[in-house]
Amino acid sequence: MTTSPRTPLSLYGFLRPKPERADEVRRVLTSLVEPTRREEGNLQYHLHEHEDGRFFLYEVWRSQADLDRHNALPALRAFLDRLPEYLEGEVEGYFDTMLSAYPAAGDVV
């Protein structure tokens with residue numbers, strides 16, 4: 001997969017927490033938002049809570065290397081390694097290359 005600053009990688013998907021772990025999952029995911037947004041190569045990072053209790057994440061990264069660096073962070077690794085303990089079922093996730101041009105610095109979004 002070839003990427004450039006105009007064709008970043010996007011990740012998005014739903015996580016359904018176990019009812020007894022929902023508050024904990026919300027707390028952990030919320031705590032990741034601002035630090036992730038400050039990481040080199042992060043272009044967007046959004047967390048939503050759906051009315052049925054699922055969490056929806058939408059991330060955009062400049063490159064695979066930036067995403068790999070993010071995924072290797074100890075705090076994130078610790079959460080991801082234990083993810084099955086927190087969720088009902090599998091993560092419904094997608095990983096794609098954007099087809100629409102991503103705005104360059106100074107472009108109006």
# chains A, B, ... in the order shown; residues from 1 in each chain; ligands from 1
call {"tool": "select_by_dssp", "arguments": {"residues": "chain A", "states": "alpha helix (DSSP H)", "output": "number ranges by chain"}}
result
A: 22-37, 64-71, 74-81, 83-86
call {"tool": "write_last_selection", "arguments": {"atoms": "C-alpha atoms", "output": "mmCIF file, in the first residue's frame"}}
result
data_model
loop_
_atom_site.group_PDB
_atom_site.id
_atom_site.type_symbol
_atom_site.label_atom_id
_atom_site.label_comp_id
_atom_site.auth_asym_id
_atom_site.auth_seq_id
_atom_site.Cartn_x
_atom_site.Cartn_y
_atom_site.Cartn_z
ATOM 1 C CA ALA A 22 -18.555 -0.138 29.513
ATOM 2 C CA ASP A 23 -17.538 2.646 31.920
ATOM 3 C CA GLU A 24 -13.968 1.373 32.013
ATOM 4 C CA VAL A 25 -13.757 1.135 28.209
ATOM 5 C CA ARG A 26 -15.209 4.657 27.883
ATOM 6 C CA ARG A 27 -12.621 5.977 30.352
ATOM 7 C CA VAL A 28 -9.682 4.292 28.602
ATOM 8 C CA LEU A 29 -10.755 5.279 25.095
ATOM 9 C CA THR A 30 -11.459 8.858 26.152
ATOM 10 C CA SER A 31 -8.044 9.093 27.811
ATOM 11 C CA LEU A 32 -6.381 8.156 24.500
ATOM 12 C CA VAL A 33 -7.955 10.933 22.413
ATOM 13 C CA GLU A 34 -5.843 13.994 23.210
ATOM 14 C CA PRO A 35 -2.453 12.214 23.510
ATOM 15 C CA THR A 36 -3.092 10.459 20.196
ATOM 16 C CA ARG A 37 -4.024 13.715 18.485
ATOM 17 C CA GLN A 64 1.936 3.172 8.040
ATOM 18 C CA ALA A 65 5.117 4.002 9.987
ATOM 19 C CA ASP A 66 3.217 6.605 12.038
ATOM 20 C CA LEU A 67 0.447 4.117 12.766
ATOM 21 C CA ASP A 68 2.951 1.407 13.702
ATOM 22 C CA ARG A 69 4.677 3.814 16.123
ATOM 23 C CA HIS A 70 1.295 4.643 17.680
ATOM 24 C CA ASN A 71 0.338 0.971 18.032
ATOM 25 C CA PRO A 74 3.058 0.857 25.976
ATOM 26 C CA ALA A 75 -0.257 2.229 27.274
ATOM 27 C CA LEU A 76 -2.058 1.395 24.040
ATOM 28 C CA ARG A 77 -0.370 -2.029 23.797
ATOM 29 C CA ALA A 78 -1.512 -2.879 27.330
ATOM 30 C CA PHE A 79 -5.118 -2.042 26.450
ATOM 31 C CA LEU A 80 -5.076 -3.800 23.072
ATOM 32 C CA ASP A 81 -3.516 -6.937 24.550
ATOM 33 C CA LEU A 83 -9.149 -6.076 24.599
ATOM 34 C CA PRO A 84 -10.999 -9.432 24.562
ATOM 35 C CA GLU A 85 -11.545 -9.054 28.323
ATOM 36 C CA TYR A 86 -13.423 -5.793 27.706
#
call {"tool": "residues_around", "arguments": {"residues": "Leu15 in chain A", "least_positions_apart": "3", "cutoff": "8 Å", "atoms": "only C-alpha atoms", "output": "PyMOL selection string"}}
result
chain A and resi 54-56+87+90-92
call {"tool": "write_last_selection", "arguments": {"atoms": "C-alpha atoms", "output": "mmCIF file, in the first residue's frame"}}
result
data_model
loop_
_atom_site.group_PDB
_atom_site.id
_atom_site.type_symbol
_atom_site.label_atom_id
_atom_site.label_comp_id
_atom_site.auth_asym_id
_atom_site.auth_seq_id
_atom_site.Cartn_x
_atom_site.Cartn_y
_atom_site.Cartn_z
ATOM 1 C CA ARG A 54 -20.972 0.646 20.948
ATOM 2 C CA PHE A 55 -17.953 2.905 20.601
ATOM 3 C CA PHE A 56 -16.942 4.077 17.132
ATOM 4 C CA LEU A 87 -15.524 -6.623 24.649
ATOM 5 C CA GLU A 90 -14.803 -9.151 17.899
ATOM 6 C CA VAL A 91 -13.921 -5.598 16.917
ATOM 7 C CA GLU A 92 -15.689 -4.596 13.715
#
call {"tool": "residues_around", "arguments": {"residues": "Leu11 in chain A", "least_positions_apart": "4", "cutoff": "6 Å", "atoms": "only C-alpha atoms", "output": "list in words"}}
result
Tyr58, Glu59, Tyr94 and Phe95 of chain A
call {"tool": "closest_residue", "arguments": {"among": "A:Gly53, A:Gly89, A:Asn42, A:Ser63", "to": "Pro8 in chain A", "atoms": "only C-alpha atoms"}}
result
A:Ser63
call {"tool": "select_by_dssp", "arguments": {"residues": "chain A", "states": "strand (DSSP E)", "output": "list in words"}}
result
Leu9, Ser10, Leu11, Tyr12, Gly13, Phe14, Leu15, Asn42, Leu43, Gln44, Tyr45, His46, Leu47, His48, Glu49, Phe55, Phe56, Leu57, Tyr58, Glu59, Val60, Trp61, Glu92, Gly93, Tyr94, Phe95, Asp96 and Thr97 of chain A
call {"tool": "atom_distance", "arguments": {"atom1": "CA of Arg82 in chain A", "atom2": "CA of Leu57 in chain A"}}
result
17.6 Å
call {"tool": "residues_around", "arguments": {"residues": "Val60 in chain A", "least_positions_apart": "5", "cutoff": "6 Å", "atoms": "only C-alpha atoms", "output": "NGL selection string"}}
result
:A and (9-10 or 43-44)
